[in-house]
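Structure first, then comments.
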Amino acid sequence: MMRIDAHHHVWTLARADYGWLTPERGPIYRDFGLADLAPHLAAAGIEGTILVQAAPTEAETAFLLDIAKGAEQVRGVVGWVDFDAADAAARIDAFAGRELLVGLRPMVQDIADDDWLLRPELAAPLEAMARHDLVFDALVLPRHLPRLIQVVDRHPDLQFVLDHFGKPHLATGDIAAWKDDIASLATRSNVVCKLSGLATEAAPNWQVADLGEAVDHALACFGPQRMLWGSDWPVVNLAGGYAHWFAAAESLLADLSSEARAAIFGGNAARIYLSSRGRPTSRK
């Protein structure tokens, strides 16, 4: 089974639409391309990736699709469209014509209105996504999870991926409410959970044990067939880097069967993102 990194980025600062990416970000405030990622993929035995947006512009989506077109290892792209536009559904229809687009991700964590997910105007674009078998990547914070549950219930035909476990507050250990919401969200069959982004939610100089409670809880709720691993590279460079996070994930999942680990490290990403869109993962 092909190993897939189900969540990474690339960016070029000169494009100037990454509002969150400032000089204060230090190690990641520079250009990152697929050539920079290649050694990490090789070291981890990863053959395919899902390339995820990092800027809230449709120009970013086109930029990523152009990169993916010439990069065999990129199996699919999770892009962005303006969900607030009056013609959002038509915009999704247009982007869906690009075969490597496998999903869309509004940057909910950066939207000032905590109830944005509940806007009735989102119904049409989300229905358009479902028609085109596009995955909704949910970039949310713990306070958004109750709203996300409502959206998931409204759109049972749409596949949702919870990015970064919903960003639990690992650094403070305040995860009781998050655990309750994760348990509730996991009862919805059209949601899977992405094992990514935890390193940057933990305290500086985190240890594997610092992540164990959250990972064990998500595994108990979603099960290994509804979890997929991603690096969140190059953001992960803020919290130890690719190799450190990959090794931590392997350690956290070490007690699972080889079949379950293979699903989390590739099989589930292929099923969720690539079963009807993107590049196939079968080997010739």
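By order of appearance in the structure tokens: chains A, B, ..., then residues from 1 within every chain, and ligands from 1 in the order shown.
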I'd like the contact shell of range 1-14 of chain A - 9 Å cut-off, only C-alpha atoms, skipping same-chain residues fewer than 4 positions apart - returned as a ChimeraX atom specification. /A:18,21,29-34,37,41,44-55,64,75,78,163,194,196,228-235,262-267,269-270,273,281-283
At a cut-off of 10 Å, using only C-alpha atoms, what residues contact Val152 in chain A? Leave out same-chain residues fewer than 5 positions from it and give the result as a PyMOL selection string. chain A and resi 136+147+157-160+185+188-191
Just C-alpha atoms for this one: save the residues we selected as a PDB file, in the first residue's frame.
```
ATOM      1  CA  PHE A 136     -14.255  19.491   2.890  1.00  0.00           C
ATOM      2  CA  ARG A 147     -20.767  24.299  14.836  1.00  0.00           C
ATOM      3  CA  ASP A 157     -23.442  13.324   1.467  1.00  0.00           C
ATOM      4  CA  LEU A 158     -20.319  15.473   1.897  1.00  0.00           C
ATOM      5  CA  GLN A 159     -17.050  13.973   3.131  1.00  0.00           C
ATOM      6  CA  PHE A 160     -15.385  15.963   5.920  1.00  0.00           C
ATOM      7  CA  LEU A 185     -18.198  14.283  15.883  1.00  0.00           C
ATOM      8  CA  ARG A 188     -20.982  10.983  12.177  1.00  0.00           C
ATOM      9  CA  SER A 189     -19.860   8.525   9.516  1.00  0.00           C
ATOM     10  CA  ASN A 190     -18.990  11.197   6.953  1.00  0.00           C
ATOM     11  CA  VAL A 191     -16.110  12.567   9.068  1.00  0.00           C
TER      12      VAL A 191
END
```
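For the residues A:Trp116, A:Leu126, A:Asp133, A:Ala202, ranking by smallest atom-to-atom distance to Leu100 in chain A using only C-alpha atoms places A:Asp133 first.
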A:Leu170, A:Leu118, A:Ala138, A:Leu162: which is nearest Glu213 in chain A, counting only C-alpha atoms? A:Leu170
Can you check which residues of range 107-256 of chain A DSSP gives as strand (DSSP E or B) on the backbone and send them as a ChimeraX atom specification? /A:135-138,160-162,169,174,191-195,227-229,233
Keeping only all heavy atoms, write those residues as a short mmCIF file (atom, residue, chain, number, x, y, z; two decimals), in the first residue's frame.
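Now in again.cif:
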```cif
data_model
loop_
_atom_site.label_atom_id
_atom_site.label_comp_id
_atom_site.auth_asym_id
_atom_site.auth_seq_id
_atom_site.Cartn_x
_atom_site.Cartn_y
_atom_site.Cartn_z
N VAL A 135 -13.75 16.84 -1.10
CA VAL A 135 -13.68 16.70 0.36
C VAL A 135 -13.62 18.09 1.00
O VAL A 135 -12.94 19.00 0.48
CB VAL A 135 -12.43 15.89 0.75
CG1 VAL A 135 -12.22 15.89 2.26
CG2 VAL A 135 -12.53 14.47 0.21
N PHE A 136 -14.32 18.26 2.11
CA PHE A 136 -14.25 19.49 2.89
C PHE A 136 -13.23 19.30 3.99
O PHE A 136 -13.46 18.53 4.93
CB PHE A 136 -15.63 19.82 3.49
CG PHE A 136 -15.70 21.13 4.22
CD1 PHE A 136 -16.29 22.24 3.62
CD2 PHE A 136 -15.21 21.28 5.52
CE1 PHE A 136 -16.38 23.46 4.30
CE2 PHE A 136 -15.30 22.48 6.19
CZ PHE A 136 -15.88 23.57 5.57
N ASP A 137 -12.08 19.96 3.88
CA ASP A 137 -11.08 19.94 4.95
C ASP A 137 -11.46 21.02 5.96
O ASP A 137 -11.55 22.20 5.61
CB ASP A 137 -9.68 20.20 4.40
CG ASP A 137 -8.89 18.92 4.20
OD1 ASP A 137 -9.45 17.96 3.65
OD2 ASP A 137 -7.72 18.90 4.60
N ALA A 138 -11.67 20.61 7.20
CA ALA A 138 -12.13 21.53 8.25
C ALA A 138 -10.95 22.01 9.07
O ALA A 138 -10.45 21.29 9.94
CB ALA A 138 -13.16 20.84 9.13
N PHE A 160 -16.14 14.99 5.13
CA PHE A 160 -15.39 15.96 5.92
C PHE A 160 -14.11 15.33 6.46
O PHE A 160 -14.12 14.17 6.90
CB PHE A 160 -16.22 16.48 7.10
CG PHE A 160 -17.40 17.32 6.73
CD1 PHE A 160 -18.60 16.74 6.33
CD2 PHE A 160 -17.32 18.70 6.77
CE1 PHE A 160 -19.69 17.52 5.98
CE2 PHE A 160 -18.41 19.49 6.42
CZ PHE A 160 -19.60 18.90 6.02
N VAL A 161 -13.03 16.10 6.46
CA VAL A 161 -11.78 15.71 7.11
C VAL A 161 -11.47 16.76 8.17
O VAL A 161 -11.36 17.96 7.86
CB VAL A 161 -10.62 15.62 6.10
CG1 VAL A 161 -9.31 15.39 6.82
CG2 VAL A 161 -10.86 14.51 5.09
N LEU A 162 -11.33 16.32 9.40
CA LEU A 162 -10.99 17.24 10.50
C LEU A 162 -9.48 17.41 10.54
O LEU A 162 -8.74 16.51 10.94
CB LEU A 162 -11.50 16.69 11.83
CG LEU A 162 -11.17 17.54 13.06
CD1 LEU A 162 -11.84 18.91 12.98
CD2 LEU A 162 -11.58 16.80 14.34
N HIS A 169 -5.97 22.00 22.71
CA HIS A 169 -5.04 22.86 23.47
C HIS A 169 -4.06 21.99 24.26
O HIS A 169 -4.09 21.92 25.49
CB HIS A 169 -5.83 23.76 24.42
CG HIS A 169 -6.80 24.66 23.73
ND1 HIS A 169 -6.44 25.54 22.73
CD2 HIS A 169 -8.15 24.83 23.91
CE1 HIS A 169 -7.50 26.21 22.33
NE2 HIS A 169 -8.55 25.80 23.02
N ASP A 174 -5.81 21.65 28.48
CA ASP A 174 -7.24 21.91 28.61
C ASP A 174 -7.98 21.28 27.43
O ASP A 174 -8.35 21.96 26.47
CB ASP A 174 -7.48 23.43 28.67
CG ASP A 174 -8.95 23.78 28.83
OD1 ASP A 174 -9.74 22.89 29.20
OD2 ASP A 174 -9.31 24.95 28.56
N VAL A 191 -17.25 11.80 8.55
CA VAL A 191 -16.11 12.57 9.07
C VAL A 191 -14.96 11.62 9.34
O VAL A 191 -15.15 10.54 9.90
CB VAL A 191 -16.46 13.30 10.37
CG1 VAL A 191 -15.29 14.20 10.81
CG2 VAL A 191 -17.72 14.12 10.23
N VAL A 192 -13.76 12.04 8.94
CA VAL A 192 -12.54 11.34 9.33
C VAL A 192 -11.61 12.37 9.97
O VAL A 192 -11.83 13.58 9.86
CB VAL A 192 -11.84 10.64 8.15
CG1 VAL A 192 -12.74 9.58 7.54
CG2 VAL A 192 -11.40 11.65 7.10
N CYS A 193 -10.58 11.89 10.64
CA CYS A 193 -9.72 12.73 11.46
C CYS A 193 -8.28 12.67 10.93
O CYS A 193 -7.77 11.58 10.65
CB CYS A 193 -9.78 12.23 12.90
SG CYS A 193 -8.99 13.29 14.11
N LYS A 194 -7.67 13.84 10.78
CA LYS A 194 -6.31 13.89 10.24
C LYS A 194 -5.30 14.04 11.38
O LYS A 194 -5.32 15.01 12.14
CB LYS A 194 -6.17 15.04 9.25
CG LYS A 194 -4.89 14.97 8.40
CD LYS A 194 -4.83 16.11 7.40
CE LYS A 194 -5.78 15.91 6.25
NZ LYS A 194 -5.58 16.96 5.19
N LEU A 195 -4.43 13.05 11.50
CA LEU A 195 -3.36 13.04 12.49
C LEU A 195 -2.24 13.94 11.97
O LEU A 195 -1.31 13.49 11.31
CB LEU A 195 -2.87 11.61 12.72
CG LEU A 195 -1.70 11.39 13.67
CD1 LEU A 195 -1.98 11.96 15.05
CD2 LEU A 195 -1.35 9.90 13.76
N MET A 227 -8.75 7.54 10.21
CA MET A 227 -7.68 8.46 10.58
C MET A 227 -6.62 8.42 9.49
O MET A 227 -6.31 7.35 8.96
CB MET A 227 -7.07 8.08 11.93
CG MET A 227 -6.01 9.05 12.43
SD MET A 227 -5.45 8.65 14.11
CE MET A 227 -6.92 9.05 15.06
N LEU A 228 -6.07 9.58 9.14
CA LEU A 228 -5.02 9.63 8.13
C LEU A 228 -3.92 10.58 8.58
O LEU A 228 -4.20 11.58 9.24
CB LEU A 228 -5.58 10.05 6.76
CG LEU A 228 -6.60 11.16 6.64
CD1 LEU A 228 -6.56 11.75 5.24
CD2 LEU A 228 -8.01 10.63 6.90
N TRP A 229 -2.70 10.22 8.25
CA TRP A 229 -1.54 10.96 8.75
C TRP A 229 -1.10 12.02 7.75
O TRP A 229 -1.08 11.80 6.54
CB TRP A 229 -0.38 10.01 9.00
CG TRP A 229 0.85 10.73 9.49
CD1 TRP A 229 1.13 11.10 10.78
CD2 TRP A 229 1.95 11.21 8.70
NE1 TRP A 229 2.34 11.77 10.83
CE2 TRP A 229 2.85 11.84 9.58
CE3 TRP A 229 2.25 11.15 7.34
CZ2 TRP A 229 4.05 12.42 9.14
CZ3 TRP A 229 3.44 11.73 6.90
CH2 TRP A 229 4.32 12.35 7.79
N TRP A 233 3.97 19.87 6.94
CA TRP A 233 5.22 20.50 6.54
C TRP A 233 4.91 21.66 5.60
O TRP A 233 3.99 21.57 4.81
CB TRP A 233 6.10 19.46 5.82
CG TRP A 233 7.40 19.98 5.32
CD1 TRP A 233 8.59 19.96 5.98
CD2 TRP A 233 7.66 20.57 4.04
NE1 TRP A 233 9.58 20.52 5.19
CE2 TRP A 233 9.02 20.90 3.99
CE3 TRP A 233 6.87 20.87 2.92
CZ2 TRP A 233 9.62 21.51 2.89
CZ3 TRP A 233 7.44 21.48 1.82
CH2 TRP A 233 8.81 21.78 1.81
#
```
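The two atoms in question, CA of Gly241 in chain A and CA of Arg261 in chain A, are spaced 21.1 Å apart.
Each of A:Glu127, A:Asp153, A:Glu99, A:Asp66 was compared to Gly278 in chain A using only C-alpha atoms, and A:Glu99 turns out to be the nearest.
With distances restricted to only C-alpha atoms, A:Pro125 is the closest residue to Ala86 in chain A from A:Pro125, A:Pro106, A:Gly223, A:Pro56.
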List the spatial neighbours of Phe95 in chain A as a PyMOL selection string - criterion: any atom at most 9 Å away, only C-alpha atoms, same-chain residues fewer than 3 positions off excluded. chain A and resi 61-62+81+90-92+98-99+101
So that I have them on file, write out the residues from the current selection with C-alpha atoms, as a PDB file, in the first residue's frame.
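The result, stored in again.pdb:
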```pdb
ATOM      1  CA  THR A  61      -5.632  27.156  -5.747  1.00  0.00           C
ATOM      2  CA  ALA A  62      -4.558  27.698  -9.351  1.00  0.00           C
ATOM      3  CA  VAL A  81     -12.561  29.145  -3.134  1.00  0.00           C
ATOM      4  CA  ALA A  90     -20.476  28.116  -9.773  1.00  0.00           C
ATOM      5  CA  ARG A  91     -16.859  28.769  -8.837  1.00  0.00           C
ATOM      6  CA  ILE A  92     -16.677  25.292  -7.326  1.00  0.00           C
ATOM      7  CA  ARG A  98      -9.416  20.327 -12.715  1.00  0.00           C
ATOM      8  CA  GLU A  99      -8.852  16.620 -12.101  1.00  0.00           C
ATOM      9  CA  LEU A 101      -8.493  19.091  -7.166  1.00  0.00           C
TER      10      LEU A 101
END
```
Write out as a VMD selection string each polymer residue whose atoms come within 8 Å of range 218-222 of chain A, counting only C-alpha atoms; drop sequence neighbours fewer than 6 positions from it. chain A and resid 165 182 to 183 186 to 187 192 to 193
Need the shell around Arg15 in chain A: protein/DNA/RNA residues with any atom at most 10 Å away, counting only C-alpha atoms. Skip same-chain ones fewer than 6 positions apart. Format as a PyMOL selection string? chain A and resi 55+59-60+63
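Across the structure, CA of Glu250 in chain A and CA of Gln73 in chain A are spaced 21.6 Å apart.
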Shell of 10 Å around Asp110 in chain A, only C-alpha atoms, local chain residues under 6 positions omitted, as a short mmCIF file (atom, residue, chain, number, x, y, z; two decimals) with N, CA, C and O atoms, in the first residue's frame:
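Resulting contents of around21.cif:
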```
data_model
loop_
_atom_site.label_atom_id
_atom_site.label_comp_id
_atom_site.auth_asym_id
_atom_site.auth_seq_id
_atom_site.Cartn_x
_atom_site.Cartn_y
_atom_site.Cartn_z
N TRP A 20 -0.96 35.24 7.14
CA TRP A 20 -0.50 34.73 8.44
C TRP A 20 1.01 34.52 8.48
O TRP A 20 1.59 34.36 9.56
N PRO A 56 -5.83 32.20 1.50
CA PRO A 56 -7.26 32.25 1.19
C PRO A 56 -7.55 33.00 -0.10
O PRO A 56 -8.26 34.01 -0.12
N LEU A 139 -10.49 23.22 8.78
CA LEU A 139 -9.42 23.85 9.55
C LEU A 139 -10.08 24.68 10.64
O LEU A 139 -10.39 25.86 10.46
N VAL A 140 -10.32 24.06 11.77
CA VAL A 140 -11.08 24.69 12.85
C VAL A 140 -10.32 24.63 14.16
O VAL A 140 -9.35 23.88 14.31
N LEU A 141 -10.79 25.42 15.10
CA LEU A 141 -10.29 25.40 16.47
C LEU A 141 -11.32 24.70 17.36
O LEU A 141 -12.47 24.49 16.94
#
```
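Taking CA of Asp84 in chain A as the reference point, CA of Met129 in chain A is found at 14.5 Å.
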